[in-house]
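Asks: As input, take query03.cif (mmCIF, C-alpha atoms and all ligand atoms):
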data_final
#
loop_
_atom_site.label_atom_id
_atom_site.label_comp_id
_atom_site.auth_asym_id
_atom_site.auth_seq_id
_atom_site.Cartn_x
_atom_site.Cartn_y
_atom_site.Cartn_z
CA MET B 36 -18.55 -11.25 35.46
CA LYS B 37 -16.54 -10.48 32.31
CA ARG B 38 -14.73 -13.30 30.55
CA ALA B 39 -11.24 -12.86 29.09
CA LEU B 40 -9.25 -15.20 26.87
CA ILE B 41 -5.46 -14.80 26.94
CA THR B 42 -3.22 -16.44 24.36
CA GLY B 43 0.36 -16.69 25.66
CA VAL B 44 -0.94 -16.92 29.22
CA THR B 45 2.19 -18.79 30.42
CA GLY B 46 4.52 -15.99 29.28
CA GLN B 47 5.78 -12.91 31.09
CA ASP B 48 2.94 -10.56 30.09
CA GLY B 49 0.31 -13.32 30.29
CA SER B 50 1.12 -13.76 33.97
CA TYR B 51 0.87 -10.08 34.92
CA LEU B 52 -2.26 -9.64 32.81
CA SER B 53 -3.89 -12.68 34.46
CA GLU B 54 -3.18 -11.20 37.89
CA LEU B 55 -4.68 -7.86 36.83
CA LEU B 56 -7.84 -9.40 35.35
CA LEU B 57 -8.39 -11.83 38.24
CA ASP B 58 -8.08 -8.87 40.64
CA LYS B 59 -10.75 -7.08 38.61
CA GLY B 60 -13.08 -10.08 38.97
CA TYR B 61 -12.75 -11.47 35.43
CA GLU B 62 -13.16 -15.14 34.62
CA VAL B 63 -9.80 -15.79 32.96
CA TYR B 64 -9.31 -18.42 30.25
CA GLY B 65 -5.79 -19.12 29.04
CA ILE B 66 -4.53 -20.91 25.97
CA MET B 67 -1.76 -23.41 26.64
CA ARG B 68 0.28 -25.53 24.26
CA ARG B 69 0.43 -29.25 24.85
CA LYS B 70 3.94 -30.26 25.97
CA SER B 71 5.47 -33.59 27.00
CA VAL B 72 5.66 -32.30 30.57
CA VAL B 73 2.83 -30.11 31.88
CA ASP B 74 4.31 -26.64 32.36
CA TYR B 75 2.34 -23.63 33.58
CA GLY B 76 5.35 -21.34 33.12
CA ASN B 77 4.84 -17.95 34.76
CA VAL B 78 1.28 -18.76 35.93
CA GLU B 79 2.14 -21.79 38.10
CA HIS B 80 0.94 -19.72 41.10
CA LEU B 81 -2.43 -19.09 39.35
CA LYS B 82 -3.02 -22.60 38.03
CA ASP B 83 -6.14 -23.10 40.15
CA LYS B 84 -7.63 -19.74 39.15
CA ILE B 85 -7.16 -19.73 35.38
CA LYS B 86 -9.27 -21.97 33.15
CA PHE B 87 -6.78 -23.53 30.72
CA ILE B 88 -7.66 -24.56 27.18
CA TYR B 89 -5.19 -26.56 25.08
CA ALA B 90 -4.78 -24.82 21.73
CA ASP B 91 -2.09 -23.57 19.37
CA MET B 92 -1.81 -20.33 17.39
CA THR B 93 -1.05 -22.31 14.24
CA ASP B 94 -4.27 -24.36 14.51
CA VAL B 95 -7.33 -22.23 13.75
CA VAL B 96 -9.70 -25.06 14.68
CA SER B 97 -8.29 -25.10 18.21
CA LEU B 98 -8.72 -21.30 18.44
CA ILE B 99 -12.34 -21.47 17.27
CA SER B 100 -12.92 -24.09 19.99
CA ALA B 101 -11.24 -21.85 22.56
CA MET B 102 -13.57 -19.01 21.60
CA LYS B 103 -16.61 -21.30 21.82
CA ILE B 104 -15.58 -22.67 25.23
CA SER B 105 -14.66 -19.31 26.75
CA GLN B 106 -17.32 -17.09 25.10
CA ALA B 107 -14.80 -14.37 25.89
CA ASP B 108 -15.79 -10.69 25.99
CA GLU B 109 -12.14 -9.64 25.69
CA ILE B 110 -9.36 -11.47 23.88
CA PHE B 111 -5.70 -10.63 24.48
CA ASN B 112 -3.45 -12.10 21.78
CA LEU B 113 -0.08 -12.30 23.54
CA ALA B 114 1.15 -15.63 22.16
CA ALA B 115 4.26 -15.38 20.01
CA GLN B 116 7.67 -16.74 19.20
CA SER B 117 8.91 -13.58 20.92
CA PHE B 118 12.71 -13.90 20.86
CA VAL B 119 14.12 -11.84 18.00
CA ALA B 120 17.36 -13.85 17.65
CA THR B 121 15.41 -17.12 17.22
CA SER B 122 13.43 -15.57 14.38
CA TRP B 123 16.48 -15.95 12.09
CA GLU B 124 16.87 -19.60 13.13
CA GLN B 125 13.13 -20.40 12.86
CA PRO B 126 11.74 -17.85 10.41
CA LEU B 127 8.85 -20.00 9.24
CA ALA B 128 7.71 -21.01 12.71
CA THR B 129 7.91 -17.34 13.67
CA ALA B 130 5.76 -16.39 10.68
CA ASP B 131 3.26 -19.19 11.38
CA ILE B 132 2.84 -18.23 15.05
CA ASP B 133 3.23 -14.43 14.96
CA ALA B 134 1.72 -13.55 11.57
CA VAL B 135 -0.67 -16.36 10.54
CA GLY B 136 -1.45 -16.94 14.24
CA ALA B 137 -2.82 -13.40 14.44
CA ILE B 138 -5.26 -13.91 11.56
CA ASN B 139 -6.20 -17.33 12.97
CA ILE B 140 -7.33 -15.82 16.27
CA LEU B 141 -8.99 -12.86 14.51
CA GLU B 142 -10.97 -15.33 12.37
CA ALA B 143 -11.96 -17.28 15.48
CA VAL B 144 -13.21 -14.05 17.06
CA ARG B 145 -15.02 -12.96 13.90
CA ILE B 146 -16.74 -16.34 13.47
CA VAL B 147 -17.66 -17.03 17.10
CA ARG B 148 -18.05 -13.66 18.83
CA PRO B 149 -17.62 -10.63 16.54
CA GLU B 150 -18.94 -8.33 19.29
CA ALA B 151 -15.94 -9.20 21.53
CA LYS B 152 -13.01 -6.81 22.01
CA PHE B 153 -9.59 -7.85 20.73
CA TYR B 154 -6.05 -6.81 21.72
CA GLN B 155 -3.03 -7.54 19.49
CA ALA B 156 0.50 -7.52 20.98
CA SER B 157 2.33 -5.37 18.45
CA THR B 158 5.90 -4.26 19.05
CA SER B 159 8.45 -1.48 18.71
CA GLU B 160 10.52 -4.00 16.68
CA MET B 161 8.28 -2.94 13.77
CA PHE B 162 10.07 0.46 13.79
CA GLY B 163 13.43 -1.34 13.31
CA LEU B 164 15.60 1.03 11.33
CA VAL B 165 13.89 3.99 12.89
CA GLN B 166 12.51 6.66 10.59
CA GLU B 167 11.80 9.16 13.39
CA ILE B 168 12.96 9.85 16.96
CA PRO B 169 11.05 9.32 19.21
CA GLN B 170 8.77 6.74 17.59
CA LYS B 171 5.02 7.30 17.76
CA GLU B 172 1.85 5.84 16.24
CA THR B 173 2.39 7.70 12.96
CA THR B 174 6.09 6.79 12.52
CA PRO B 175 6.65 4.66 9.38
CA PHE B 176 7.66 1.04 10.04
CA TYR B 177 10.92 -0.59 8.87
CA PRO B 178 11.29 -4.01 10.57
CA ARG B 179 14.77 -5.54 10.77
CA SER B 180 14.10 -9.18 11.70
CA PRO B 181 11.82 -12.02 10.61
CA TYR B 182 10.10 -11.44 13.96
CA GLY B 183 9.53 -7.74 13.20
CA VAL B 184 8.18 -8.56 9.74
CA ALA B 185 5.81 -11.23 11.10
CA LYS B 186 4.56 -8.86 13.79
CA LEU B 187 3.97 -6.17 11.18
CA TYR B 188 1.54 -8.53 9.43
CA GLY B 189 -0.21 -9.11 12.77
CA HIS B 190 -0.44 -5.37 13.27
CA TRP B 191 -1.89 -4.59 9.85
CA ILE B 192 -4.30 -7.53 9.80
CA THR B 193 -5.68 -6.33 13.13
CA LYS B 194 -6.24 -2.87 11.65
CA ASN B 195 -7.70 -4.46 8.53
CA TYR B 196 -10.21 -6.56 10.52
CA ARG B 197 -11.22 -3.42 12.40
CA GLU B 198 -11.85 -1.59 9.13
CA SER B 199 -13.30 -4.56 7.19
CA TYR B 200 -15.56 -6.13 9.81
CA ASN B 201 -15.94 -3.34 12.36
CA LEU B 202 -14.29 -5.53 15.02
CA PHE B 203 -13.28 -3.75 18.21
CA ALA B 204 -9.61 -4.56 17.55
CA CYS B 205 -6.67 -2.61 19.02
CA SER B 206 -2.92 -2.94 18.68
CA GLY B 207 -0.58 -1.93 21.46
CA ILE B 208 2.82 -1.01 20.04
CA LEU B 209 4.74 -1.90 23.15
CA PHE B 210 8.38 -1.03 23.66
CA ASN B 211 10.63 -3.43 25.57
CA HIS B 212 9.24 -4.37 28.95
CA GLU B 213 10.96 -6.61 31.38
CA SER B 214 10.44 -8.04 34.87
CA GLU B 215 11.48 -10.62 37.40
CA ARG B 216 9.63 -13.11 35.13
CA ARG B 217 11.48 -12.23 31.91
CA GLY B 218 12.98 -15.19 30.00
CA LYS B 219 16.73 -15.54 30.60
CA GLU B 220 17.55 -15.36 26.89
CA PHE B 221 16.57 -11.66 26.77
CA VAL B 222 19.43 -9.29 27.47
CA THR B 223 18.11 -7.68 30.68
CA ARG B 224 17.46 -10.94 32.53
CA LYS B 225 20.65 -12.47 31.13
CA ILE B 226 22.51 -9.53 32.70
CA THR B 227 20.71 -9.55 36.08
CA ASP B 228 21.03 -13.33 36.38
CA ALA B 229 24.77 -13.12 35.57
CA ALA B 230 25.32 -10.21 38.00
CA ALA B 231 23.72 -12.34 40.75
CA ARG B 232 25.79 -15.44 39.86
CA ILE B 233 29.05 -13.50 39.66
CA LYS B 234 28.32 -11.83 43.01
CA LEU B 235 27.64 -15.23 44.60
CA GLY B 236 30.71 -16.86 42.99
CA LYS B 237 28.66 -19.15 40.72
CA GLN B 238 29.75 -17.67 37.36
CA GLN B 239 33.01 -16.08 36.24
CA TYR B 240 31.97 -13.78 33.44
CA LEU B 241 29.09 -12.67 31.19
CA GLU B 242 29.31 -12.73 27.39
CA LEU B 243 27.20 -10.29 25.40
CA GLY B 244 26.76 -9.12 21.80
CA ASN B 245 26.11 -5.54 20.74
CA MET B 246 26.39 -3.32 23.81
CA ASP B 247 25.79 -0.09 21.89
CA SER B 248 22.17 -0.80 21.03
CA LYS B 249 19.65 1.35 22.87
CA ARG B 250 16.30 0.31 24.25
CA ASP B 251 13.34 1.97 25.96
CA TRP B 252 12.81 -0.40 28.92
CA GLY B 253 9.74 -0.45 31.22
CA HIS B 254 8.15 -2.98 33.61
CA SER B 255 5.65 -5.55 32.30
CA ALA B 256 3.21 -4.98 35.20
CA ASP B 257 2.76 -1.37 34.03
CA TYR B 258 2.39 -2.36 30.38
CA VAL B 259 -0.40 -4.92 30.88
CA LYS B 260 -2.51 -2.14 32.43
CA ALA B 261 -2.29 -0.31 29.11
CA MET B 262 -3.53 -3.42 27.26
CA TRP B 263 -6.60 -3.57 29.49
CA LEU B 264 -7.25 0.19 29.23
CA MET B 265 -7.26 -0.01 25.41
CA LEU B 266 -10.21 -2.43 25.55
CA GLN B 267 -12.18 -0.24 27.99
CA GLN B 268 -12.48 2.69 25.53
CA ASP B 269 -15.52 3.53 23.41
CA THR B 270 -13.60 3.21 20.15
CA PRO B 271 -10.76 0.90 19.14
CA ASP B 272 -7.38 2.42 18.30
CA ASP B 273 -3.63 1.72 18.30
CA TYR B 274 -1.26 3.06 20.96
CA VAL B 275 2.48 3.31 21.61
CA ILE B 276 3.37 2.23 25.15
CA ALA B 277 6.85 3.32 26.23
CA THR B 278 8.77 5.30 28.85
CA ASN B 279 10.35 7.91 26.53
CA GLU B 280 13.78 7.08 28.02
CA THR B 281 16.48 5.12 26.25
CA ARG B 282 19.66 3.45 27.47
CA THR B 283 22.41 1.32 25.97
CA VAL B 284 22.88 -2.33 26.88
CA ARG B 285 26.21 -1.22 28.42
CA GLU B 286 24.38 1.21 30.74
CA PHE B 287 22.03 -1.59 31.80
CA VAL B 288 25.06 -3.78 32.61
CA ASP B 289 26.73 -1.00 34.60
CA ILE B 290 23.66 -0.26 36.71
CA ALA B 291 22.76 -3.94 37.27
CA PHE B 292 26.27 -4.82 38.46
CA LYS B 293 26.32 -1.74 40.71
CA LYS B 294 23.04 -2.89 42.27
CA ALA B 295 24.71 -6.28 42.88
CA GLY B 296 27.58 -4.45 44.62
CA ILE B 297 30.09 -4.78 41.75
CA GLU B 298 31.68 -1.58 40.37
CA LEU B 299 32.89 -2.02 36.78
CA ALA B 300 35.86 -0.49 34.91
CA TRP B 301 35.38 -0.56 31.12
CA LYS B 302 38.15 -0.73 28.56
CA GLY B 303 38.68 -1.48 24.87
CA SER B 304 36.10 -1.25 22.12
CA GLY B 305 34.19 -3.42 19.64
CA VAL B 306 34.85 -7.13 20.09
CA ASN B 307 37.74 -6.30 22.46
CA GLU B 308 35.63 -4.39 24.97
CA THR B 309 35.69 -5.75 28.51
CA ALA B 310 34.53 -4.74 31.96
CA THR B 311 36.59 -5.55 35.04
CA ASN B 312 35.45 -5.87 38.64
CA LYS B 313 37.22 -2.88 40.28
CA GLN B 314 37.44 -4.72 43.62
CA ASN B 315 39.49 -7.70 42.38
CA GLY B 316 40.62 -6.83 38.83
CA LYS B 317 38.83 -9.84 37.25
CA VAL B 318 37.22 -9.54 33.82
CA VAL B 319 33.48 -10.07 34.33
CA VAL B 320 32.00 -8.87 31.00
CA LYS B 321 33.25 -9.78 27.51
CA VAL B 322 31.93 -9.48 23.96
CA ASN B 323 31.17 -12.64 22.00
CA PRO B 324 30.29 -11.99 18.34
CA LYS B 325 28.03 -15.05 18.34
CA PHE B 326 25.42 -12.81 20.00
CA PHE B 327 25.53 -10.21 17.18
CA ARG B 328 22.42 -10.20 14.97
CA PRO B 329 22.33 -10.32 11.15
CA ALA B 330 20.51 -6.96 11.24
CA GLU B 331 20.24 -4.82 14.36
CA VAL B 332 17.72 -2.35 15.75
CA ASP B 333 20.11 0.32 17.02
CA LEU B 334 17.83 2.75 18.81
CA LEU B 335 14.34 2.58 20.25
CA ILE B 336 12.65 5.37 22.18
CA GLY B 337 8.88 5.71 22.22
CA ASP B 338 6.53 8.63 22.69
CA PRO B 339 3.59 7.48 24.87
CA THR B 340 1.73 10.85 24.75
CA LYS B 341 -1.35 9.44 23.00
CA ALA B 342 -1.76 6.65 25.59
CA GLU B 343 -1.16 9.07 28.46
CA THR B 344 -3.72 11.54 27.07
CA ASN B 345 -6.46 9.19 25.81
CA LEU B 346 -6.12 6.24 28.18
CA GLY B 347 -4.82 8.02 31.28
CA TRP B 348 -1.99 5.46 31.30
CA LYS B 349 1.23 6.28 33.16
CA ARG B 350 4.12 3.97 33.90
CA GLU B 351 4.79 3.60 37.61
CA VAL B 352 8.04 1.59 37.81
CA SER B 353 11.12 3.72 37.02
CA PHE B 354 14.14 2.34 35.18
CA GLU B 355 16.18 2.27 38.42
CA GLN B 356 13.37 0.38 40.19
CA LEU B 357 13.08 -2.08 37.31
CA VAL B 358 16.78 -2.95 37.46
CA SER B 359 16.77 -3.13 41.29
CA ARG B 360 13.78 -5.46 41.34
CA MET B 361 15.32 -7.78 38.74
CA VAL B 362 18.75 -7.90 40.42
CA GLU B 363 17.33 -8.44 43.92
CA ASN B 364 15.06 -11.19 42.64
CA ASP B 365 17.92 -12.97 40.87
CA ILE B 366 20.23 -12.71 43.89
CA ARG B 367 17.47 -14.37 45.93
CA LEU B 368 16.79 -17.09 43.32
CA VAL B 369 20.47 -17.89 42.73
CA GLY B 370 21.06 -17.90 46.50
CA GLU B 371 18.27 -20.48 46.95
CA GLU B 372 19.73 -22.85 44.31
CA LYS B 373 21.11 -26.11 45.68
P1 LIG P 1 6.89 -14.57 26.24
O1 LIG P 1 7.20 -14.51 27.70
O2 LIG P 1 7.90 -15.15 25.32
O3 LIG P 1 5.51 -15.40 26.09
C1 LIG P 1 5.09 -15.89 24.86
C2 LIG P 1 3.88 -16.78 25.06
O4 LIG P 1 3.44 -17.26 23.78
C3 LIG P 1 4.14 -18.03 25.92
O5 LIG P 1 3.02 -18.24 26.77
C4 LIG P 1 4.21 -19.13 24.89
O6 LIG P 1 3.85 -20.40 25.39
C5 LIG P 1 3.17 -18.66 23.89
N1 LIG P 1 3.29 -19.30 22.59
C6 LIG P 1 4.37 -19.36 21.78
N2 LIG P 1 4.07 -20.05 20.66
C7 LIG P 1 2.77 -20.43 20.76
C8 LIG P 1 1.90 -21.17 19.93
N3 LIG P 1 2.30 -21.70 18.76
N4 LIG P 1 0.62 -21.38 20.37
C9 LIG P 1 0.20 -20.91 21.56
N5 LIG P 1 1.00 -20.20 22.39
C10 LIG P 1 2.27 -19.97 22.00
O7 LIG P 1 6.52 -13.13 25.68
P2 LIG P 1 6.09 -11.79 26.48
O8 LIG P 1 7.32 -11.01 26.79
O9 LIG P 1 5.14 -12.14 27.54
O10 LIG P 1 5.36 -10.98 25.31
C11 LIG P 1 3.95 -11.12 25.10
C12 LIG P 1 3.62 -10.66 23.70
O11 LIG P 1 3.99 -9.29 23.55
C13 LIG P 1 4.34 -11.39 22.58
O12 LIG P 1 3.45 -11.46 21.49
C14 LIG P 1 5.52 -10.51 22.24
O13 LIG P 1 5.93 -10.72 20.92
C15 LIG P 1 4.89 -9.14 22.44
N6 LIG P 1 5.80 -8.06 22.83
C16 LIG P 1 6.64 -8.21 23.89
C17 LIG P 1 7.45 -7.15 24.28
C18 LIG P 1 8.38 -7.28 25.46
O14 LIG P 1 9.29 -6.44 25.57
N7 LIG P 1 8.17 -8.23 26.36
C19 LIG P 1 7.39 -5.94 23.58
C20 LIG P 1 6.50 -5.82 22.51
C21 LIG P 1 5.70 -6.88 22.16
P3 LIG P 1 4.92 -21.50 25.93
O15 LIG P 1 5.00 -21.25 27.41
O16 LIG P 1 4.26 -22.77 25.57
O17 LIG P 1 6.21 -21.26 25.22
O1 LIG P 2 16.63 -8.36 25.07
P1 LIG P 2 16.62 -8.52 23.60
O2 LIG P 2 16.79 -9.89 23.08
O3 LIG P 2 15.27 -7.84 23.11
P2 LIG P 2 14.80 -7.25 21.69
O4 LIG P 2 15.52 -7.88 20.57
O5 LIG P 2 14.83 -5.78 21.80
O6 LIG P 2 13.29 -7.78 21.62
C1 LIG P 2 12.41 -7.66 22.75
O7 LIG P 2 11.72 -6.42 22.65
C2 LIG P 2 10.86 -6.29 21.52
C3 LIG P 2 10.23 -4.89 21.61
O8 LIG P 2 11.07 -3.98 20.97
C4 LIG P 2 9.82 -7.38 21.58
F1 LIG P 2 8.93 -7.25 20.55
C5 LIG P 2 10.49 -8.73 21.53
O9 LIG P 2 9.50 -9.75 21.65
C6 LIG P 2 11.45 -8.84 22.71
O10 LIG P 2 10.69 -8.85 23.90
O11 LIG P 2 17.78 -7.62 22.95
C7 LIG P 2 17.89 -6.25 23.24
C8 LIG P 2 19.18 -5.72 22.64
C9 LIG P 2 19.40 -6.08 21.17
O12 LIG P 2 19.88 -4.96 20.48
C10 LIG P 2 20.48 -7.14 21.21
O13 LIG P 2 21.31 -7.21 20.04
O14 LIG P 2 20.28 -6.28 23.35
C11 LIG P 2 21.26 -6.67 22.40
N1 LIG P 2 22.11 -7.71 22.99
C12 LIG P 2 23.45 -7.59 23.21
N2 LIG P 2 23.92 -8.73 23.73
C13 LIG P 2 21.72 -8.92 23.38
C14 LIG P 2 22.87 -9.58 23.84
N3 LIG P 2 20.51 -9.51 23.38
C15 LIG P 2 20.43 -10.77 23.87
N4 LIG P 2 19.22 -11.35 23.91
N5 LIG P 2 21.53 -11.46 24.31
C16 LIG P 2 22.78 -10.90 24.32
O15 LIG P 2 23.76 -11.54 24.73
#
What does the file become when written as structure tokens?

Replies:
Amino acid sequence: MKRALITGVTGQDGSYLSELLLDKGYEVYGIMRRKSVVDYGNVEHLKDKIKFIYADMTDVVSLISAMKISQADEIFNLAAQSFVATSWEQPLATADIDAVGAINILEAVRIVRPEAKFYQASTSEMFGLVQEIPQKETTPFYPRSPYGVAKLYGHWITKNYRESYNLFACSGILFNHESERRGKEFVTRKITDAAARIKLGKQQYLELGNMDSKRDWGHSADYVKAMWLMLQQDTPDDYVIATNETRTVREFVDIAFKKAGIELAWKGSGVNETATNKQNGKVVVKVNPKFFRPAEVDLLIGDPTKAETNLGWKREVSFEQLVSRMVENDIRLVGEEK
């Protein structure tokens, strides 16, 4: 039985990865932060199957202990302060968790079990002000947020530990991936949750920031398969994981509301742009500049050819299916609220 250690096990990807590894017969260890109220997050349904270890990415001693306890064969470093907007409000915490945290866990692996395989959750945010379209493994990086900069350190230190110590260390440069378990601060879930609430008469309108920015959106359940595949290869390498499709935030809004049964009519531009419910003439989407970012990533679209060729990875959930699943799930959840 293989043993895996997942940092960030309570998050979106941690939950889908845990399901995948448990299905494959792994013994799954997950790192959890101590909180005032015990909170299993997205793995509440797996709390009797995962072996939890209290640790923190900013505390290398706790990570060394986690490696000693788990004796993991495969380590998936998914823990992060992952919300880009927060990285301007908490730049040092973001650097401590996302950048220094990466070297902390790499050191723990190197000291305790250098023969283990290691996965680092790198991100398309590292491409930032994109230097090439579509973005691939060889595209130069130009991060545009404290989060992107911190993740770039995590990416390079992973490569450096591979080259310095011959660790089996891989980075997955994952483009945006969403799901029914996505945090509600991220734009997709914010939109699907609002579409459900507006449909059910529990919210009047949705306020968003930059609706022109474009993202390459896939489903988390597909993307965690790529993480696992990277660690099953004979040699470690870095891979872009993406759909090679891009859409604006506005397009996401349009499709999500349509799936909730609300046809939108758009008018105006910039901060004055609105969308009205065609059935009753009410404004249901507005722009609020408070959601604009100090520096924006305008366009992301990834080229997953290397992963498709070398790993045999293929995404299975289409964009339309992703949006449908998220909207249907939120209509159900909002409907069940007391
Ligand atoms: P997420 O839902 O925000 O999960 C983040 C996880 O990190 C949570 O389990 C969180 O625990 C944990 N964490 C945060 N700070 C920690 C600390 N100091 N010590 C230990 N654990 C800590 O993120 P996700 O969407 O699953 O993403 C997984 C990883 O992939 C992240 O590294 C993210 O940056 C990266 N990534 C995500 C995407 C995407 O589109 N989803 C794309 C590219 C890369 P709590 O429950 O205690 O908060
Ligand atoms: O959903 P977002 O917050 O995701 P973002 O910034 O692309 O980051 C996500 O994907 C990265 C991979 O590229 C991950 F590394 C990262 O951890 C995270 O998972 O914002 C998407 C876009 C942005 O351009 C943002 O400005 O949507 C725009 N947006 C417009 N209005 C909004 C809003 N974003 C949020 N969160 N909230 C809004 O009201």

Asks: Name each residue within 8 Å of ligand LIG 2 (chain P), counting only C-alpha atoms and all ligand atoms, as a compact mmCIF listing (two decimals) with C-alpha atoms, in the frame of the given file.

Replies:
# COMPACT_ATOMS: atom_id res chain seq x y z
CA ALA B 115 4.26 -15.38 20.01
CA GLN B 116 7.67 -16.74 19.20
CA SER B 117 8.91 -13.58 20.92
CA PHE B 118 12.71 -13.90 20.86
CA VAL B 119 14.12 -11.84 18.00
CA ALA B 120 17.36 -13.85 17.65
CA SER B 157 2.33 -5.37 18.45
CA THR B 158 5.90 -4.26 19.05
CA SER B 159 8.45 -1.48 18.71
CA GLU B 160 10.52 -4.00 16.68
CA MET B 161 8.28 -2.94 13.77
CA TYR B 182 10.10 -11.44 13.96
CA GLY B 183 9.53 -7.74 13.20
CA LEU B 209 4.74 -1.90 23.15
CA PHE B 210 8.38 -1.03 23.66
CA ASN B 211 10.63 -3.43 25.57
CA HIS B 212 9.24 -4.37 28.95
CA GLU B 213 10.96 -6.61 31.38
CA GLU B 220 17.55 -15.36 26.89
CA PHE B 221 16.57 -11.66 26.77
CA VAL B 222 19.43 -9.29 27.47
CA THR B 223 18.11 -7.68 30.68
CA ARG B 224 17.46 -10.94 32.53
CA LYS B 225 20.65 -12.47 31.13
CA GLU B 242 29.31 -12.73 27.39
CA LEU B 243 27.20 -10.29 25.40
CA GLY B 244 26.76 -9.12 21.80
CA ASN B 245 26.11 -5.54 20.74
CA MET B 246 26.39 -3.32 23.81
CA ASP B 247 25.79 -0.09 21.89
CA SER B 248 22.17 -0.80 21.03
CA LYS B 249 19.65 1.35 22.87
CA ARG B 250 16.30 0.31 24.25
CA VAL B 284 22.88 -2.33 26.88
CA ASN B 323 31.17 -12.64 22.00
CA PHE B 326 25.42 -12.81 20.00
CA PHE B 327 25.53 -10.21 17.18
CA ARG B 328 22.42 -10.20 14.97
CA GLU B 331 20.24 -4.82 14.36
CA VAL B 332 17.72 -2.35 15.75
CA ASP B 333 20.11 0.32 17.02
CA LEU B 335 14.34 2.58 20.25

Asks: Show me which residues are within 8 Å of ligand LIG 1 (chain P) counting all atoms listed in the file, and format the list as a PyMOL selection string.

Replies: chain B and resi 42-50+66-70+74-76+90-93+112-118+131-133+136+155-160+186+208-213+216-218+252+255

Asks: Expressed in Å to a single decimal, how great is the separation between CA of Leu357 (chain B) and CA of Ile226 (chain B)?

Replies: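 Distance between the two atoms: 12.9 Å.
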
Asks: Show me, as an MDAnalysis selection string, the residues that have an atom within 12 Å of Pro339 (chain B) when counting all atoms listed in the file, minus same-chain residues fewer than 5 positions from it.

Replies: chainID B and resid 159 169:173 207:210 251 253 258 261 273:280 344:350

Asks: Write out as an mmCIF file with C-alpha atoms, keeping the file's coordinate frame which residues come within 6 Å of Phe162 (chain B) when counting only C-alpha atoms, dropping same-chain ones fewer than 5 positions away.

Replies:
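Okay, this is what ended up in part04.cif:
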data_model
loop_
_atom_site.group_PDB
_atom_site.id
_atom_site.type_symbol
_atom_site.label_atom_id
_atom_site.label_comp_id
_atom_site.auth_asym_id
_atom_site.auth_seq_id
_atom_site.Cartn_x
_atom_site.Cartn_y
_atom_site.Cartn_z
ATOM 1 C CA PHE B 176 7.660 1.040 10.040
ATOM 2 C CA TYR B 177 10.920 -0.590 8.870
ATOM 3 C CA PRO B 178 11.290 -4.010 10.570
#

Asks: As an exercise, work out the distance from CA of Leu127 (chain B) to CA of Ala185 (chain B) in Å and give it to one decimal place.

Replies: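 Spanning CA of Leu127 (chain B) to CA of Ala185 (chain B) is a straight-line distance of 9.5 Å.
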
Asks: Report, in Å to a single decimal, how far apart CA of Gly189 (chain B) and CA of Ile88 (chain B) are.

Replies: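 Distance between the two atoms: 22.4 Å.
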
Asks: Counting only C-alpha atoms, which residue out of B:Asn77, B:Ser71, B:Asn312, B:Ser199 sits closest to Ser53 (chain B)?

Replies: B:Asn77

Asks: I need the residue nearest Ile99 (chain B) from this list: B:Thr129, B:Asn315, B:Asn139, B:Thr281. Use only C-alpha atoms for the distance.

Replies: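 Closest to Ile99 (chain B) of all the choices is B:Asn139.
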